[in-house]
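Student: Contents are PDB, C-alpha atoms; file name entry06.pdb:
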ATOM      1  CA  MET A   1      31.307 216.401  45.680
ATOM      2  CA  LYS A   2      30.451 214.032  42.836
ATOM      3  CA  LEU A   3      30.922 210.247  42.924
ATOM      4  CA  LEU A   4      30.620 207.986  39.895
ATOM      5  CA  LEU A   5      29.638 204.413  40.671
ATOM      6  CA  ASP A   6      29.662 201.631  38.095
ATOM      7  CA  LYS A   7      26.168 200.177  37.613
ATOM      8  CA  GLY A   8      27.666 196.733  37.082
ATOM      9  CA  LEU A   9      29.316 196.837  40.506
ATOM     10  CA  TYR A  10      26.889 198.813  42.674
ATOM     11  CA  ARG A  11      23.153 198.090  42.784
ATOM     12  CA  ALA A  12      20.964 201.150  42.339
ATOM     13  CA  ALA A  13      18.703 200.049  45.217
ATOM     14  CA  ALA A  14      21.733 199.706  47.514
ATOM     15  CA  VAL A  15      22.991 203.176  46.567
ATOM     16  CA  LYS A  16      19.538 204.656  47.222
ATOM     17  CA  ALA A  17      19.405 202.866  50.576
ATOM     18  CA  ALA A  18      22.804 204.348  51.465
ATOM     19  CA  ALA A  19      21.575 207.804  50.436
ATOM     20  CA  ALA A  20      18.567 207.408  52.732
ATOM     21  CA  ALA A  21      20.805 206.241  55.589
ATOM     22  CA  PHE A  22      23.070 209.306  55.250
ATOM     23  CA  ALA A  23      20.307 211.845  54.581
ATOM     24  CA  GLU A  24      20.757 213.464  57.982
ATOM     25  CA  LEU A  25      24.487 214.036  57.470
ATOM     26  CA  ALA A  26      24.402 215.697  54.047
ATOM     27  CA  GLU A  27      22.285 216.415  51.007
ATOM     28  CA  ILE A  28      22.658 213.397  48.750
ATOM     29  CA  LYS A  29      21.276 213.081  45.222
ATOM     30  CA  VAL A  30      21.373 209.868  43.230
ATOM     31  CA  VAL A  31      20.913 209.909  39.448
ATOM     32  CA  ALA A  32      21.419 207.074  36.956
ATOM     33  CA  LYS A  33      23.373 208.196  33.897
ATOM     34  CA  GLY A  34      24.333 205.615  31.264
ATOM     35  CA  GLU A  35      26.574 202.979  32.798
ATOM     36  CA  LYS A  36      27.141 205.054  35.934
ATOM     37  CA  ILE A  37      25.224 206.088  39.009
ATOM     38  CA  VAL A  38      26.039 209.705  39.756
ATOM     39  CA  VAL A  39      25.949 210.583  43.451
ATOM     40  CA  THR A  40      26.185 214.212  44.476
ATOM     41  CA  ILE A  41      26.960 214.913  48.115
ATOM     42  CA  ASP A  42      26.663 218.516  49.301
ATOM     43  CA  ARG A  43      25.794 220.665  52.273
ATOM     44  CA  PRO A  44      27.102 218.551  55.116
ATOM     45  CA  ALA A  45      25.497 218.963  58.513
ATOM     46  CA  GLN A  46      27.280 221.068  61.098
ATOM     47  CA  ASP A  47      30.604 219.581  62.287
ATOM     48  CA  VAL A  48      30.449 216.844  59.658
ATOM     49  CA  ASP A  49      33.368 216.256  57.291
ATOM     50  CA  LEU A  50      32.120 215.921  53.719
ATOM     51  CA  GLN A  51      34.971 213.603  52.657
ATOM     52  CA  MET A  52      34.245 211.262  55.551
ATOM     53  CA  VAL A  53      30.545 211.188  54.645
ATOM     54  CA  ALA A  54      31.496 210.277  51.060
ATOM     55  CA  ASP A  55      33.866 207.496  52.181
ATOM     56  CA  GLU A  56      31.367 206.040  54.641
ATOM     57  CA  PHE A  57      28.621 206.354  52.028
ATOM     58  CA  LEU A  58      30.670 204.296  49.551
ATOM     59  CA  ASN A  59      31.315 201.598  52.154
ATOM     60  CA  HIS A  60      27.625 201.473  53.008
ATOM     61  CA  ALA A  61      26.599 201.215  49.343
ATOM     62  CA  LEU A  62      29.138 198.441  48.741
ATOM     63  CA  ALA A  63      28.083 196.459  51.827
ATOM     64  CA  ALA A  64      24.403 196.811  50.851
ATOM     65  CA  THR A  65      25.204 195.637  47.307
ATOM     66  CA  VAL A  66      27.066 192.563  48.571
ATOM     67  CA  ALA A  67      24.292 191.796  51.082
ATOM     68  CA  ALA A  68      21.630 192.101  48.363
ATOM     69  CA  ARG A  69      23.516 189.661  46.132
ATOM     70  CA  GLY A  70      23.445 187.120  48.941
TER      71      GLY A  70
ATOM     72  CA  MET B   1      46.616 207.445  52.398
ATOM     73  CA  GLN B   2      45.202 205.125  49.750
ATOM     74  CA  LYS B   3      46.171 202.285  47.468
ATOM     75  CA  GLU B   4      44.588 201.031  44.244
ATOM     76  CA  LEU B   5      44.814 197.366  43.319
ATOM     77  CA  LEU B   6      43.974 196.120  39.837
ATOM     78  CA  VAL B   7      42.327 192.735  40.083
ATOM     79  CA  SER B   8      41.635 190.516  37.082
ATOM     80  CA  LYS B   9      38.157 188.971  37.010
ATOM     81  CA  LYS B  10      39.665 186.031  35.112
ATOM     82  CA  ILE B  11      41.672 185.124  38.214
ATOM     83  CA  TYR B  12      39.357 186.432  40.952
ATOM     84  CA  PRO B  13      35.654 186.329  39.976
ATOM     85  CA  LEU B  14      33.479 189.262  41.024
ATOM     86  CA  GLU B  15      31.966 187.170  43.843
ATOM     87  CA  VAL B  16      35.444 186.769  45.329
ATOM     88  CA  ILE B  17      36.224 190.494  45.081
ATOM     89  CA  TYR B  18      32.888 191.337  46.719
ATOM     90  CA  ALA B  19      33.443 188.841  49.533
ATOM     91  CA  ALA B  20      36.947 190.159  50.270
ATOM     92  CA  ALA B  21      35.742 193.777  50.116
ATOM     93  CA  TYR B  22      32.876 192.973  52.488
ATOM     94  CA  VAL B  23      35.324 191.609  55.062
ATOM     95  CA  TYR B  24      37.313 194.860  54.936
ATOM     96  CA  VAL B  25      34.615 197.557  54.981
ATOM     97  CA  ASP B  26      34.992 197.971  58.734
ATOM     98  CA  ARG B  27      38.809 198.289  58.593
ATOM     99  CA  CYS B  28      39.223 200.696  55.666
ATOM    100  CA  TYR B  29      37.218 202.491  52.967
ATOM    101  CA  VAL B  30      36.715 200.289  49.907
ATOM    102  CA  PHE B  31      35.687 201.523  46.474
ATOM    103  CA  LEU B  32      35.272 199.383  43.361
ATOM    104  CA  ASP B  33      35.435 200.556  39.765
ATOM    105  CA  SER B  34      35.572 198.688  36.489
ATOM    106  CA  ARG B  35      38.582 198.867  34.209
ATOM    107  CA  PRO B  36      39.166 197.591  30.677
ATOM    108  CA  GLU B  37      40.235 194.014  29.970
ATOM    109  CA  ASP B  38      37.964 192.419  32.580
ATOM    110  CA  ARG B  39      39.676 194.090  35.504
ATOM    111  CA  ILE B  40      38.353 195.706  38.661
ATOM    112  CA  ALA B  41      40.096 198.556  40.438
ATOM    113  CA  VAL B  42      39.871 198.122  44.197
ATOM    114  CA  ARG B  43      40.718 201.351  45.998
ATOM    115  CA  LEU B  44      41.537 200.953  49.674
ATOM    116  CA  LYS B  45      41.677 204.103  51.758
ATOM    117  CA  ALA B  46      42.857 204.354  55.339
ATOM    118  CA  GLN B  47      40.348 205.289  57.997
ATOM    119  CA  GLU B  48      41.029 208.004  60.544
ATOM    120  CA  GLY B  49      43.718 207.021  63.032
ATOM    121  CA  CYS B  50      45.200 204.313  60.813
ATOM    122  CA  GLY B  51      48.992 204.704  60.512
ATOM    123  CA  PRO B  52      51.082 203.901  57.389
ATOM    124  CA  LYS B  53      52.342 200.596  58.785
ATOM    125  CA  GLU B  54      48.871 199.503  59.810
ATOM    126  CA  PHE B  55      47.510 200.511  56.400
ATOM    127  CA  GLN B  56      50.250 198.571  54.615
ATOM    128  CA  ARG B  57      49.331 195.547  56.710
ATOM    129  CA  ILE B  58      45.644 195.965  55.767
ATOM    130  CA  VAL B  59      46.507 196.142  52.042
ATOM    131  CA  GLY B  60      48.626 192.993  52.294
ATOM    132  CA  SER B  61      46.001 191.071  54.187
ATOM    133  CA  PHE B  62      43.332 192.197  51.697
ATOM    134  CA  GLU B  63      45.350 190.568  48.928
ATOM    135  CA  ASN B  64      45.528 187.402  51.023
ATOM    136  CA  GLU B  65      41.784 187.603  51.607
ATOM    137  CA  LEU B  66      41.241 187.539  47.826
ATOM    138  CA  ILE B  67      43.102 184.222  47.662
ATOM    139  CA  ASN B  68      41.221 182.946  50.692
ATOM    140  CA  GLN B  69      37.806 183.815  49.222
ATOM    141  CA  GLY B  70      38.819 182.380  45.841
ATOM    142  CA  LEU B  71      39.645 179.079  47.490
ATOM    143  CA  ARG B  72      36.391 179.122  49.488
ATOM    144  CA  LEU B  73      34.431 179.580  46.266
ATOM    145  CA  LYS B  74      36.304 176.758  44.543
ATOM    146  CA  ILE B  75      35.834 174.317  47.441
ATOM    147  CA  GLY B  76      32.214 175.436  47.840
ATOM    148  CA  LYS B  77      31.462 174.553  44.214
ATOM    149  CA  ARG B  78      33.334 171.257  44.431
ATOM    150  CA  THR B  79      31.474 170.089  47.550
ATOM    151  CA  GLU B  80      28.046 171.541  46.691
ATOM    152  CA  LYS B  81      26.398 168.179  45.918
ATOM    153  CA  THR B  82      27.800 166.514  49.031
ATOM    154  CA  ARG B  83      26.587 169.381  51.248
ATOM    155  CA  ASP B  84      23.129 169.228  49.674
ATOM    156  CA  ALA B  85      22.964 165.473  50.249
ATOM    157  CA  ILE B  86      23.984 165.885  53.913
ATOM    158  CA  ILE B  87      21.375 168.618  54.468
ATOM    159  CA  HIS B  88      18.640 166.558  52.802
ATOM    160  CA  ARG B  89      19.552 163.560  54.935
ATOM    161  CA  ALA B  90      19.642 165.667  58.130
ATOM    162  CA  LEU B  91      16.254 167.243  57.395
ATOM    163  CA  PHE B  92      14.723 163.876  56.575
ATOM    164  CA  SER B  93      16.081 162.371  59.830
ATOM    165  CA  ALA B  94      14.682 165.317  61.807
ATOM    166  CA  MET B  95      11.127 164.674  60.611
ATOM    167  CA  PRO B  96       8.685 163.880  63.428
ATOM    168  CA  GLU B  97       7.888 160.191  64.000
ATOM    169  CA  SER B  98       4.230 160.699  63.052
ATOM    170  CA  LEU B  99       5.211 161.992  59.613
ATOM    171  CA  ASN B 100       7.533 159.052  59.117
ATOM    172  CA  LEU B 101       4.653 156.677  59.875
ATOM    173  CA  ASN B 102       2.644 158.167  57.053
ATOM    174  CA  LEU B 103       5.361 157.250  54.629
ATOM    175  CA  VAL B 104       5.278 153.545  55.564
ATOM    176  CA  ASP B 105       3.139 151.544  53.167
ATOM    177  CA  GLU B 106      -0.011 150.225  54.736
ATOM    178  CA  GLN B 107      -0.865 146.531  54.364
ATOM    179  CA  PRO B 108      -2.542 146.149  50.981
ATOM    180  CA  ALA B 109      -6.198 145.246  51.421
ATOM    181  CA  ASP B 110      -7.327 141.772  50.327
ATOM    182  CA  TYR B 111     -10.180 141.818  47.812
ATOM    183  CA  LEU B 112     -12.026 139.309  49.990
ATOM    184  CA  ASP B 113     -11.972 141.610  53.026
ATOM    185  CA  ASP B 114     -15.211 143.525  53.541
ATOM    186  CA  PRO B 115     -14.874 145.580  56.727
ATOM    187  CA  LEU B 116     -17.933 147.764  55.888
ATOM    188  CA  GLY B 117     -20.156 144.845  54.904
ATOM    189  CA  ILE B 118     -21.066 146.127  51.464
ATOM    190  CA  ALA B 119     -20.164 143.069  49.453
ATOM    191  CA  VAL B 120     -23.591 141.427  49.462
ATOM    192  CA  PRO B 121     -24.296 138.878  46.705
ATOM    193  CA  TRP B 122     -26.917 139.956  44.154
ATOM    194  CA  GLU B 123     -29.201 137.000  44.931
ATOM    195  CA  GLU B 124     -29.222 137.875  48.612
ATOM    196  CA  LYS B 125     -29.833 141.562  48.063
ATOM    197  CA  PHE B 126     -32.724 141.217  45.568
ATOM    198  CA  ALA B 127     -34.235 137.912  46.644
ATOM    199  CA  LYS B 128     -38.066 137.771  47.156
ATOM    200  CA  LYS B 129     -39.296 137.880  50.699
ATOM    201  CA  GLU B 130     -40.538 134.250  50.645
ATOM    202  CA  ASP B 131     -37.201 133.003  49.469
ATOM    203  CA  LYS B 132     -35.575 134.841  52.355
ATOM    204  CA  ASP B 133     -38.057 133.329  54.822
ATOM    205  CA  ILE B 134     -37.398 129.820  53.489
ATOM    206  CA  LYS B 135     -33.713 130.301  53.857
ATOM    207  CA  GLU B 136     -34.119 131.561  57.393
TER     208      GLU B 136
END
Written as structure tokens, how would this file's structure read?
Tutor:
Amino acid sequence: MKLLLDKGLYRAAAVKAAAAAFAELAEIKVVAKGEKIVVTIDRPAQDVDLQMVADEFLNHALAATVAARG
Amino acid sequence: MQKELLVSKKIYPLEVIYAAAYVYVDRCYVFLDSRPEDRIAVRLKAQEGCGPKEFQRIVGSFENELINQGLRLKIGKRTEKTRDAIIHRALFSAMPESLNLNLVDEQPADYLDDPLGIAVPWEEKFAKKEDKDIKE
């Protein structure tokens, strides 16, 4: 599953922090590409719903971005 | 179940959208994306176990939260100087008594005062021994 996050709205550090937080639930790769941050989420852990990981990941990245902005 | 709201940054600055989104991250899934003409797409997605009525209520209250946060920002900017003044005053009042004493001007010393006894006239300091004896 591929997610495209706008660099102007999501901080790269926050997205990386979210990827680290969800590392045990799925394989998450974060790559900056132009104006977007491309997040690839694959291979979910056993009994883990990939869509739910993606949704929770996005919430985590957003909350971390807002917290970092102060 | 999801709903996308298009929010104009001219009406609701990014700070306001972030603040409203932050309030709602525990009630639904929130995703932000930029759109042309200074607009932000806010996608709200229902969490597991959230019914259609409940989700509709969340969407409505999110829109209200945008207004609420917008007003907070406006009032915050308007009262910034007053709040700063109050905080400065409160911090100054909370200073320990000893520090306050240091700020009080000491009595200016008189040029005639000589507490260390160093102001000895030249004649006295360099007078010949006989002269001193005569004086004594």
Student: To one decimal place, how far is atom CA of B:Gln47 from atom CA of A:Glu56 in Å?
Tutor: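 Computed distance, atom CA of B:Gln47 to atom CA of A:Glu56, equals 9.6 Å.
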Student: Tell me, as a ChimeraX atom specification, which residues lie within 10 Å of stretch 58-71 of chain B, counting only C-alpha atoms; anything in the same chain fewer than 6 positions away does not count.
Tutor: /B:2-5,7,11-21,23-24,27-28,43-46,50,52,77
Student: Which distance in Å separates atom CA of A:Ala13 and atom CA of A:Ile37, to one decimal?
Tutor: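 Calculated distance between atom CA of A:Ala13 and atom CA of A:Ile37 is 10.8 Å.
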Student: Pick out the chain A residues within 12 Å of chain B. Count all atoms listed in the file. Give them as an mmCIF file with C-alpha atoms, in the frame of the given file.
Tutor:
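Heads up, here's the output in iface_36.cif:
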data_model
loop_
_atom_site.group_PDB
_atom_site.id
_atom_site.type_symbol
_atom_site.label_atom_id
_atom_site.label_comp_id
_atom_site.auth_asym_id
_atom_site.auth_seq_id
_atom_site.Cartn_x
_atom_site.Cartn_y
_atom_site.Cartn_z
ATOM 1 C CA LEU A 3 30.922 210.247 42.924
ATOM 2 C CA LEU A 4 30.620 207.986 39.895
ATOM 3 C CA LEU A 5 29.638 204.413 40.671
ATOM 4 C CA ASP A 6 29.662 201.631 38.095
ATOM 5 C CA LYS A 7 26.168 200.177 37.613
ATOM 6 C CA GLY A 8 27.666 196.733 37.082
ATOM 7 C CA LEU A 9 29.316 196.837 40.506
ATOM 8 C CA TYR A 10 26.889 198.813 42.674
ATOM 9 C CA GLU A 35 26.574 202.979 32.798
ATOM 10 C CA LYS A 36 27.141 205.054 35.934
ATOM 11 C CA ILE A 37 25.224 206.088 39.009
ATOM 12 C CA ASP A 49 33.368 216.256 57.291
ATOM 13 C CA GLN A 51 34.971 213.603 52.657
ATOM 14 C CA MET A 52 34.245 211.262 55.551
ATOM 15 C CA VAL A 53 30.545 211.188 54.645
ATOM 16 C CA ALA A 54 31.496 210.277 51.060
ATOM 17 C CA ASP A 55 33.866 207.496 52.181
ATOM 18 C CA GLU A 56 31.367 206.040 54.641
ATOM 19 C CA PHE A 57 28.621 206.354 52.028
ATOM 20 C CA LEU A 58 30.670 204.296 49.551
ATOM 21 C CA ASN A 59 31.315 201.598 52.154
ATOM 22 C CA HIS A 60 27.625 201.473 53.008
ATOM 23 C CA ALA A 61 26.599 201.215 49.343
ATOM 24 C CA LEU A 62 29.138 198.441 48.741
ATOM 25 C CA ALA A 63 28.083 196.459 51.827
ATOM 26 C CA ALA A 64 24.403 196.811 50.851
ATOM 27 C CA THR A 65 25.204 195.637 47.307
ATOM 28 C CA VAL A 66 27.066 192.563 48.571
ATOM 29 C CA ALA A 67 24.292 191.796 51.082
ATOM 30 C CA ALA A 68 21.630 192.101 48.363
ATOM 31 C CA ARG A 69 23.516 189.661 46.132
ATOM 32 C CA GLY A 70 23.445 187.120 48.941
#
Student: Step by step, gather every atom of stretch 75-90 of chain B that the file lists, find the box along x, y and z that holds them, add 8 Å on each side, and finally give centre and edge lengths in Å to one decimal, as AutoDock Vina command-line options.
Tutor:
--center_x 27.2 --center_y 169.5 --center_z 51.2 --size_x 33.2 --size_y 27.9 --size_z 29.9
